[in-house]
$ cat protein_7.txt   # compact mmCIF, C-alpha atoms
# COMPACT_ATOMS: atom_id res chain seq x y z
CA MET I 1 129.56 112.72 108.71
CA THR I 2 132.47 111.64 106.60
CA GLY I 3 131.77 113.26 103.24
CA LYS I 4 129.33 113.02 100.38
CA ASP I 5 130.79 109.82 98.98
CA THR I 6 130.42 107.84 102.21
CA MET I 7 127.06 106.55 103.38
CA PRO I 8 126.27 108.13 106.75
CA ILE I 9 125.65 105.24 109.15
CA ALA I 10 123.39 107.21 111.50
CA PRO I 11 122.45 110.82 110.67
CA ARG I 12 122.11 112.97 113.78
CA SER I 13 118.52 113.65 112.76
CA HIS I 14 116.22 113.08 109.80
CA ARG I 15 114.50 116.40 110.50
CA LEU I 16 115.89 119.10 108.22
CA ALA I 17 115.24 121.83 110.77
CA ASP I 18 117.44 120.08 113.35
CA LEU I 19 120.51 119.90 111.08
CA THR I 20 123.12 122.40 109.99
CA TRP I 21 123.50 123.15 106.31
CA PRO I 22 126.83 121.24 106.03
CA GLU I 23 125.13 118.20 107.58
CA ILE I 24 122.29 118.51 105.08
CA ASP I 25 124.78 118.88 102.24
CA ASP I 26 126.45 115.62 103.32
CA LEU I 27 123.17 113.78 103.87
CA ARG I 28 121.33 114.94 100.75
CA PRO I 29 122.85 112.41 98.26
CA HIS I 30 121.87 109.56 100.57
CA ALA I 31 118.37 110.84 101.40
CA PRO I 32 116.59 111.27 98.07
CA VAL I 33 113.05 111.39 99.53
CA ALA I 34 111.63 114.33 101.51
CA ILE I 35 108.39 114.00 103.48
CA VAL I 36 106.31 117.16 103.95
CA PRO I 37 103.86 116.71 106.88
CA LEU I 38 100.71 118.83 107.02
CA GLY I 39 98.47 119.29 110.03
CA ALA I 40 95.78 121.55 111.43
CA THR I 41 94.98 123.59 114.51
CA GLU I 42 91.30 122.94 115.05
CA GLN I 43 88.75 121.72 117.55
CA HIS I 44 88.63 118.01 118.32
CA GLY I 45 85.82 117.99 120.87
CA HIS I 46 86.06 118.00 124.65
CA GLY I 47 88.89 115.52 125.04
CA LEU I 48 91.40 115.98 122.21
CA ALA I 49 93.91 118.79 121.73
CA GLN I 50 93.75 121.13 118.75
CA ARG I 51 97.16 119.95 117.50
CA THR I 52 95.96 116.35 117.08
CA ASP I 53 96.22 116.31 113.27
CA THR I 54 99.59 118.05 113.32
CA THR I 55 101.09 115.63 115.83
CA ARG I 56 99.74 112.54 114.06
CA ALA I 57 101.35 113.72 110.80
CA GLU I 58 104.66 114.48 112.52
CA VAL I 59 104.77 111.13 114.34
CA VAL I 60 103.98 109.05 111.26
CA ALA I 61 106.53 111.00 109.17
CA ASP I 62 109.18 110.51 111.87
CA LEU I 63 108.51 106.78 112.16
CA VAL I 64 108.67 106.31 108.38
CA ALA I 65 111.95 108.23 108.22
CA GLN I 66 113.39 106.13 111.05
CA HIS I 67 112.27 102.95 109.30
CA LEU I 68 114.00 103.95 106.05
CA SER I 69 116.94 105.83 107.56
CA PRO I 70 119.02 107.48 106.17
CA LYS I 71 117.07 107.61 102.90
CA VAL I 72 114.32 109.99 104.02
CA VAL I 73 114.28 113.49 105.48
CA VAL I 74 111.33 115.32 107.01
CA THR I 75 110.55 119.03 106.65
CA PRO I 76 108.97 121.11 109.40
CA VAL I 77 105.25 120.43 109.66
CA ILE I 78 102.74 123.00 108.37
CA PRO I 79 100.63 123.33 111.55
CA VAL I 80 97.56 125.18 110.23
CA GLY I 81 95.36 123.81 107.47
CA VAL I 82 92.00 124.35 105.79
CA SER I 83 89.58 124.23 108.74
CA GLU I 84 86.77 126.62 107.87
CA HIS I 85 84.25 123.84 108.65
CA HIS I 86 85.38 123.92 112.31
CA MET I 87 85.44 127.72 112.80
CA ALA I 88 82.26 127.76 114.92
CA PHE I 89 84.34 126.29 117.77
CA PRO I 90 86.67 128.61 119.76
CA GLY I 91 90.37 128.45 118.97
CA THR I 92 90.23 126.86 115.55
CA LEU I 93 92.65 128.45 113.08
CA THR I 94 92.28 128.22 109.33
CA LEU I 95 94.03 129.09 106.11
CA SER I 96 92.21 129.63 102.86
CA PRO I 97 92.70 126.81 100.35
CA ILE I 98 94.67 129.11 98.04
CA THR I 99 97.04 130.12 100.86
CA LEU I 100 97.77 126.53 101.92
CA GLN I 101 98.16 125.55 98.29
CA GLN I 102 100.77 128.26 97.76
CA VAL I 103 102.66 127.30 100.94
CA ILE I 104 102.87 123.67 99.78
CA VAL I 105 103.99 124.69 96.29
CA GLU I 106 106.68 127.04 97.56
CA LEU I 107 107.97 124.62 100.22
CA VAL I 108 108.27 121.76 97.71
CA THR I 109 109.85 124.11 95.16
CA SER I 110 112.48 124.99 97.78
CA LEU I 111 113.27 121.29 98.19
CA HIS I 112 113.51 120.94 94.42
CA ARG I 113 115.98 123.84 94.21
CA HIS I 114 118.20 121.99 96.69
CA GLY I 115 118.15 118.80 94.66
CA TRP I 116 115.24 116.74 95.94
CA ARG I 117 113.34 115.08 93.12
CA LYS I 118 111.16 112.72 95.20
CA VAL I 119 108.66 114.24 97.65
CA TYR I 120 105.84 112.73 99.71
CA VAL I 121 103.20 115.04 101.19
CA LEU I 122 101.52 113.54 104.28
CA THR I 123 98.42 115.25 105.63
CA GLY I 124 97.00 114.46 109.03
CA HIS I 125 93.87 116.52 108.28
CA GLY I 126 91.28 115.42 105.74
CA GLY I 127 90.18 119.00 105.18
CA ASN I 128 93.50 119.61 103.43
CA ASN I 129 92.93 116.91 100.81
CA ALA I 130 91.44 118.96 97.98
CA THR I 131 94.09 121.64 98.42
CA VAL I 132 96.90 119.09 98.41
CA GLU I 133 95.61 117.56 95.18
CA VAL I 134 95.60 120.94 93.43
CA ALA I 135 99.07 121.79 94.77
CA VAL I 136 100.43 118.45 93.56
CA THR I 137 98.89 119.03 90.12
CA ARG I 138 100.59 122.43 89.94
CA LEU I 139 103.93 121.01 91.01
CA ARG I 140 103.78 118.20 88.45
CA THR I 141 103.19 120.84 85.78
CA ASP I 142 105.82 123.31 86.99
CA LEU I 143 108.49 120.72 87.89
CA PRO I 144 108.19 117.88 85.37
CA ASP I 145 111.29 116.10 86.72
CA LEU I 146 109.68 115.80 90.17
CA HIS I 147 108.21 112.54 91.50
CA ILE I 148 105.54 113.62 94.00
CA ALA I 149 102.99 111.53 95.89
CA TRP I 150 100.64 112.25 98.78
CA SER I 151 98.26 110.64 101.23
CA GLY I 152 96.38 111.07 104.44
CA ILE I 153 96.93 108.82 107.44
CA THR I 154 93.69 106.97 108.17
CA PRO I 155 92.81 106.31 104.49
CA VAL I 156 96.02 104.28 104.11
CA VAL I 157 94.56 101.73 106.54
CA SER I 158 90.88 101.99 105.61
CA ASP I 159 90.50 98.21 105.70
CA LEU I 160 91.62 98.12 109.34
CA VAL I 161 89.41 101.09 110.17
CA SER I 162 86.33 99.24 108.94
CA LYS I 163 87.20 96.30 111.21
CA LEU I 164 88.07 98.32 114.31
CA SER I 165 85.45 101.07 114.23
CA GLU I 166 82.31 100.39 116.26
CA SER I 167 80.35 103.47 115.16
CA ARG I 168 78.23 103.61 112.04
CA ILE I 169 79.17 107.28 111.61
CA GLY I 170 82.89 107.85 112.01
CA GLY I 171 85.58 110.33 111.16
CA HIS I 172 86.62 113.44 113.06
CA SER I 173 87.63 112.67 116.68
CA SER I 174 86.08 109.21 116.47
CA GLU I 175 87.40 106.15 118.29
CA ILE I 176 89.78 105.71 115.34
CA GLU I 177 91.40 109.15 115.44
CA THR I 178 91.37 109.28 119.23
CA SER I 179 93.10 105.88 119.43
CA GLN I 180 95.79 107.12 117.02
CA ALA I 181 96.26 110.19 119.22
CA MET I 182 96.59 108.06 122.37
CA PHE I 183 99.41 106.13 120.73
CA ALA I 184 101.09 109.11 119.04
CA ASP I 185 101.17 111.34 122.12
CA PRO I 186 99.16 110.63 125.30
CA ASP I 187 99.31 114.35 126.16
CA LEU I 188 96.87 114.98 123.32
CA VAL I 189 94.07 113.21 125.17
CA LEU I 190 92.01 113.99 128.26
CA PRO I 191 90.41 110.54 128.73
CA GLU I 192 87.96 111.67 131.43
CA ARG I 193 86.51 114.28 129.06
CA LEU I 194 85.98 112.06 126.03
CA THR I 195 82.33 111.91 124.99
CA PRO I 196 80.37 110.16 122.23
CA GLY I 197 79.72 112.32 119.20
CA SER I 198 77.31 111.75 116.34
CA SER I 199 77.78 108.03 115.80
CA THR I 200 74.51 106.92 114.16
CA PHE I 201 72.32 108.35 111.42
CA ASP I 202 69.73 109.23 114.06
CA ASP I 203 72.24 111.68 115.55
CA LEU I 204 72.38 113.71 112.31
CA ASP I 205 70.00 116.34 110.98
CA GLN I 206 68.37 116.01 107.57
CA ALA I 207 71.30 117.54 105.66
CA GLY I 208 73.80 115.51 107.65
CA LYS I 209 71.99 112.28 106.85
CA LEU I 210 71.90 113.19 103.15
CA SER I 211 75.61 114.05 103.19
CA ARG I 212 76.43 110.53 104.40
CA SER I 213 73.90 108.54 102.41
CA ARG I 214 75.27 108.45 98.85
CA PRO I 215 78.77 107.03 98.33
CA GLY I 216 80.81 109.10 95.90
CA ILE I 217 78.64 112.23 96.23
CA HIS I 218 80.26 115.09 98.16
CA PHE I 219 77.95 117.31 100.22
CA PRO I 220 80.18 118.89 102.91
CA GLN I 221 78.69 120.03 106.22
CA SER I 222 80.09 122.25 108.97
CA TYR I 223 80.85 120.36 112.16
CA HIS I 224 78.62 122.50 114.37
CA ASP I 225 75.74 121.18 112.22
CA LEU I 226 76.92 117.57 112.41
CA SER I 227 77.52 117.43 116.16
CA LYS I 228 77.03 119.56 119.27
CA THR I 229 80.49 118.54 120.48
CA GLY I 230 82.12 118.82 117.04
CA THR I 231 82.89 115.10 116.98
CA LEU I 232 81.79 111.96 115.17
CA GLY I 233 81.90 108.36 116.34
CA ASP I 234 82.41 107.33 119.96
CA ALA I 235 85.76 108.40 121.39
CA THR I 236 85.00 106.60 124.67
CA LYS I 237 85.71 103.34 122.84
CA SER I 238 89.28 104.37 122.00
CA SER I 239 92.40 102.54 123.18
CA VAL I 240 96.17 102.73 122.86
CA GLU I 241 96.13 99.19 121.45
CA ILE I 242 93.85 100.19 118.56
CA GLY I 243 96.00 103.25 117.95
CA ALA I 244 99.17 101.15 117.84
CA ARG I 245 97.69 98.78 115.26
CA LEU I 246 96.57 101.66 113.05
CA VAL I 247 99.74 103.77 113.25
CA GLU I 248 102.12 100.83 112.88
CA ALA I 249 100.21 99.57 109.83
CA THR I 250 100.21 103.07 108.32
CA VAL I 251 103.98 103.37 108.80
CA GLU I 252 104.55 99.93 107.29
CA ARG I 253 102.43 100.67 104.21
CA ILE I 254 103.86 104.12 103.53
CA SER I 255 107.38 102.77 104.05
CA GLY I 256 106.67 99.98 101.57
CA PHE I 257 105.48 102.50 99.01
CA LEU I 258 108.50 104.73 99.55
CA GLN I 259 110.88 101.80 99.19
CA GLU I 260 109.59 101.35 95.64
CA PHE I 261 109.40 105.14 95.19
CA LEU I 262 113.13 105.27 95.95
CA ASP I 263 113.83 102.82 93.15
CA LEU I 264 112.08 104.87 90.47
CA PRO I 265 114.37 106.23 87.75
CA GLU I 266 114.79 109.98 87.48
CA ARG I 267 112.16 111.81 85.45
CA GLN I 268 113.14 113.77 82.36
CA SER I 269 112.99 117.51 82.87
CA ALA I 270 110.67 117.87 79.88
CA PRO I 271 108.59 115.44 77.83
CA THR I 272 110.16 114.10 74.67
CA LEU I 273 108.18 115.19 71.64
CA THR I 274 107.71 112.71 68.83
CA SER I 275 108.25 114.17 65.39
CA PHE I 276 106.34 112.84 62.42
CA PRO I 277 107.51 113.01 58.83
CA GLN I 278 105.69 115.59 56.81
CA GLU I 279 103.52 114.31 54.04
CA THR I 280 104.82 114.94 50.54
CA PRO I 281 102.26 116.89 48.51

$ encode --input "protein_7.txt" --output "structure tokens"
Amino acid sequence: MTGKDTMPIAPRSHRLADLTWPEIDDLRPHAPVAIVPLGATEQHGHGLAQRTDTTRAEVVADLVAQHLSPKVVVTPVIPVGVSEHHMAFPGTLTLSPITLQQVIVELVTSLHRHGWRKVYVLTGHGGNNATVEVAVTRLRTDLPDLHIAWSGITPVVSDLVSKLSESRIGGHSSEIETSQAMFADPDLVLPERLTPGSSTFDDLDQAGKLSRSRPGIHFPQSYHDLSKTGTLGDATKSSVEIGARLVEATVERISGFLQEFLDLPERQSAPTLTSFPQETP
């Protein structure tokens, strides 16, 4: 590092937790975007580790930061999410929505206090989505000069998912998520233990079928009701090649968004009120 006025050619790390505070102080003017990855610690069937969502979020965040280096930093991942719908399976950990919401708000507020005005929240777990949306709404209200965006991982490449998925019922621990895991970290996967989950409507009970039959209508189900193994789709059809296509496309699309995000002008700290002339009686 050569000082705040000189662009660092290659920061020692884009991960905030791996840097000293003087390094962060030097890097901060050149890294205006912070990514906050969110994960989960929850069951993923017989063949996927519980940290699957956490690792996918970390890997995608790291790859995006590398792609845009040195303009992006990454905070430590939040490794436990909202997973009540998986609690029937041993080992799943969960936070309440209000707890996760508060953690997100306080973490992003910490970044704001240190000068970051552009933040991207990346969740590897779909069960966090509603909580993230509420947290982002709070932050936009409390910190009006903050640009904040968020996404999941798989939804960013939903068009590719529809082409590559072979199961009519997909989602949790399907061939799509398992393929991403194979690419992100092979240690997440026990290939010999992968089994098909509920992959057709005939595999679902009456409530499960109803929950999947009306686009736009939300009727959440616990995973022990949806599948004996806690999985959807057919993980036996997964491959590293599919995972590479999905993850690389996700990184490219998020990086493209953040490149334009970087170019946004600073927000005003408070809205400008328009005054109107009073009518003369």

$ closest_residue --input "protein_7.txt" --among "I:Ala65, I:Ala34, I:Ala235, I:Val156" --to "I:Ser13" --atoms "all atoms listed in the file"
I:Ala65

$ closest_residue --input "protein_7.txt" --among "I:Pro191, I:Gly81, I:Pro90, I:Pro215" --to "I:Thr123" --atoms "all atoms listed in the file"
I:Gly81

$ closest_atom_pairs --input "protein_7.txt" --of "stretch 197-232 of chain I" --to "stretch 174-180 of chain I" --cutoff "9 Å" --atoms "all atoms listed in the file" --output "JSON lines"
{"residue": "I:Gly197", "atom": "CA", "partner": "I:Ser174", "partner_atom": "CA", "distance": 7.6}
{"residue": "I:Ser199", "atom": "CA", "partner": "I:Ser174", "partner_atom": "CA", "distance": 8.4}
{"residue": "I:Thr231", "atom": "CA", "partner": "I:Ser174", "partner_atom": "CA", "distance": 6.7}
{"residue": "I:Leu232", "atom": "CA", "partner": "I:Ser174", "partner_atom": "CA", "distance": 5.3}

$ residues_around --input "protein_7.txt" --residues "I:Leu48" --least-positions-apart "4" --cutoff "12 Å" --atoms "all atoms listed in the file" --output "PyMOL selection string"
chain I and resi 41-44+52-53+55+172-175+177-182+185-195+229-231+235-236+238

$ residues_around --input "protein_7.txt" --residues "stretch 68-74 of chain I" --least-positions-apart "5" --cutoff "8 Å" --atoms "all atoms listed in the file" --output "PyMOL selection string"
chain I and resi 8-11+14-16+27+30-37+61-62+255+259

$ write_last_selection --input "protein_7.txt" --atoms "C-alpha atoms" --output "PDB file, in the frame of the given file"
ATOM      1  CA  PRO I   8     126.270 108.130 106.750  1.00  0.00           C
ATOM      2  CA  ILE I   9     125.650 105.240 109.150  1.00  0.00           C
ATOM      3  CA  ALA I  10     123.390 107.210 111.500  1.00  0.00           C
ATOM      4  CA  PRO I  11     122.450 110.820 110.670  1.00  0.00           C
ATOM      5  CA  HIS I  14     116.220 113.080 109.800  1.00  0.00           C
ATOM      6  CA  ARG I  15     114.500 116.400 110.500  1.00  0.00           C
ATOM      7  CA  LEU I  16     115.890 119.100 108.220  1.00  0.00           C
ATOM      8  CA  LEU I  27     123.170 113.780 103.870  1.00  0.00           C
ATOM      9  CA  HIS I  30     121.870 109.560 100.570  1.00  0.00           C
ATOM     10  CA  ALA I  31     118.370 110.840 101.400  1.00  0.00           C
ATOM     11  CA  PRO I  32     116.590 111.270  98.070  1.00  0.00           C
ATOM     12  CA  VAL I  33     113.050 111.390  99.530  1.00  0.00           C
ATOM     13  CA  ALA I  34     111.630 114.330 101.510  1.00  0.00           C
ATOM     14  CA  ILE I  35     108.390 114.000 103.480  1.00  0.00           C
ATOM     15  CA  VAL I  36     106.310 117.160 103.950  1.00  0.00           C
ATOM     16  CA  PRO I  37     103.860 116.710 106.880  1.00  0.00           C
ATOM     17  CA  ALA I  61     106.530 111.000 109.170  1.00  0.00           C
ATOM     18  CA  ASP I  62     109.180 110.510 111.870  1.00  0.00           C
ATOM     19  CA  SER I 255     107.380 102.770 104.050  1.00  0.00           C
ATOM     20  CA  GLN I 259     110.880 101.800  99.190  1.00  0.00           C
TER      21      GLN I 259
END

$ residues_around --input "protein_7.txt" --residues "I:Lys118" --least-positions-apart "5" --cutoff "10 Å" --atoms "all atoms listed in the file" --output "ChimeraX atom specification"
/I:31-35,72,108,111-112,145-149,258,261-262,264,266-267

$ closest_residue --input "protein_7.txt" --among "I:Thr75, I:Ser165, I:Ser198, I:Gln101" --to "I:Tyr120" --atoms "all atoms listed in the file"
I:Thr75

$ closest_residue --input "protein_7.txt" --among "I:Gly45, I:Thr250, I:Ser162, I:Ala40" --to "I:Ser227" --atoms "only C-alpha atoms"
I:Gly45

$ decode --input "protein_7.txt" --residues "stretch 105-120 of chain I" --atoms "N, CA, C and O atoms" --output "PDB file, in the first residue's frame"
ATOM      1  N   VAL I 105     -28.971  -5.326   9.422  1.00  0.00           N
ATOM      2  CA  VAL I 105     -29.055  -3.873   9.588  1.00  0.00           C
ATOM      3  C   VAL I 105     -27.832  -3.346  10.336  1.00  0.00           C
ATOM      4  O   VAL I 105     -27.229  -2.334   9.933  1.00  0.00           O
ATOM      5  N   GLU I 106     -27.431  -4.008  11.393  1.00  0.00           N
ATOM      6  CA  GLU I 106     -26.307  -3.504  12.180  1.00  0.00           C
ATOM      7  C   GLU I 106     -24.974  -3.689  11.451  1.00  0.00           C
ATOM      8  O   GLU I 106     -24.076  -2.832  11.547  1.00  0.00           O
ATOM      9  N   LEU I 107     -24.819  -4.779  10.712  1.00  0.00           N
ATOM     10  CA  LEU I 107     -23.591  -4.973   9.947  1.00  0.00           C
ATOM     11  C   LEU I 107     -23.450  -3.899   8.868  1.00  0.00           C
ATOM     12  O   LEU I 107     -22.393  -3.273   8.716  1.00  0.00           O
ATOM     13  N   VAL I 108     -24.532  -3.667   8.099  1.00  0.00           N
ATOM     14  CA  VAL I 108     -24.480  -2.656   7.040  1.00  0.00           C
ATOM     15  C   VAL I 108     -24.311  -1.257   7.635  1.00  0.00           C
ATOM     16  O   VAL I 108     -23.591  -0.420   7.080  1.00  0.00           O
ATOM     17  N   THR I 109     -24.928  -1.000   8.781  1.00  0.00           N
ATOM     18  CA  THR I 109     -24.752   0.293   9.439  1.00  0.00           C
ATOM     19  C   THR I 109     -23.295   0.494   9.849  1.00  0.00           C
ATOM     20  O   THR I 109     -22.766   1.614   9.765  1.00  0.00           O
ATOM     21  N   SER I 110     -22.626  -0.571  10.277  1.00  0.00           N
ATOM     22  CA  SER I 110     -21.201  -0.470  10.589  1.00  0.00           C
ATOM     23  C   SER I 110     -20.401  -0.062   9.359  1.00  0.00           C
ATOM     24  O   SER I 110     -19.515   0.806   9.434  1.00  0.00           O
ATOM     25  N   LEU I 111     -20.700  -0.684   8.221  1.00  0.00           N
ATOM     26  CA  LEU I 111     -20.022  -0.310   6.976  1.00  0.00           C
ATOM     27  C   LEU I 111     -20.261   1.163   6.648  1.00  0.00           C
ATOM     28  O   LEU I 111     -19.354   1.890   6.250  1.00  0.00           O
ATOM     29  N   HIS I 112     -21.500   1.598   6.829  1.00  0.00           N
ATOM     30  CA  HIS I 112     -21.861   2.987   6.540  1.00  0.00           C
ATOM     31  C   HIS I 112     -21.070   3.934   7.430  1.00  0.00           C
ATOM     32  O   HIS I 112     -20.579   4.986   6.969  1.00  0.00           O
ATOM     33  N   ARG I 113     -20.899   3.597   8.686  1.00  0.00           N
ATOM     34  CA  ARG I 113     -20.152   4.458   9.616  1.00  0.00           C
ATOM     35  C   ARG I 113     -18.688   4.598   9.203  1.00  0.00           C
ATOM     36  O   ARG I 113     -18.030   5.588   9.515  1.00  0.00           O
ATOM     37  N   HIS I 114     -18.183   3.600   8.476  1.00  0.00           N
ATOM     38  CA  HIS I 114     -16.798   3.642   8.014  1.00  0.00           C
ATOM     39  C   HIS I 114     -16.664   4.198   6.597  1.00  0.00           C
ATOM     40  O   HIS I 114     -15.572   4.179   6.030  1.00  0.00           O
ATOM     41  N   GLY I 115     -17.782   4.666   6.041  1.00  0.00           N
ATOM     42  CA  GLY I 115     -17.688   5.371   4.775  1.00  0.00           C
ATOM     43  C   GLY I 115     -18.240   4.662   3.563  1.00  0.00           C
ATOM     44  O   GLY I 115     -18.280   5.251   2.472  1.00  0.00           O
ATOM     45  N   TRP I 116     -18.686   3.426   3.701  1.00  0.00           N
ATOM     46  CA  TRP I 116     -19.250   2.745   2.532  1.00  0.00           C
ATOM     47  C   TRP I 116     -20.674   3.222   2.284  1.00  0.00           C
ATOM     48  O   TRP I 116     -21.503   3.238   3.186  1.00  0.00           O
ATOM     49  N   ARG I 117     -20.930   3.593   1.050  1.00  0.00           N
ATOM     50  CA  ARG I 117     -22.244   4.085   0.650  1.00  0.00           C
ATOM     51  C   ARG I 117     -22.880   3.222  -0.435  1.00  0.00           C
ATOM     52  O   ARG I 117     -23.967   3.524  -0.926  1.00  0.00           O
ATOM     53  N   LYS I 118     -22.198   2.131  -0.813  1.00  0.00           N
ATOM     54  CA  LYS I 118     -22.731   1.195  -1.808  1.00  0.00           C
ATOM     55  C   LYS I 118     -22.522  -0.221  -1.280  1.00  0.00           C
ATOM     56  O   LYS I 118     -21.386  -0.655  -1.076  1.00  0.00           O
ATOM     57  N   VAL I 119     -23.632  -0.931  -1.051  1.00  0.00           N
ATOM     58  CA  VAL I 119     -23.588  -2.248  -0.423  1.00  0.00           C
ATOM     59  C   VAL I 119     -24.446  -3.216  -1.229  1.00  0.00           C
ATOM     60  O   VAL I 119     -25.535  -2.856  -1.695  1.00  0.00           O
ATOM     61  N   TYR I 120     -23.940  -4.431  -1.388  1.00  0.00           N
ATOM     62  CA  TYR I 120     -24.676  -5.492  -2.089  1.00  0.00           C
ATOM     63  C   TYR I 120     -24.788  -6.683  -1.146  1.00  0.00           C
ATOM     64  O   TYR I 120     -23.775  -7.233  -0.707  1.00  0.00           O
TER      65      TYR I 120
END
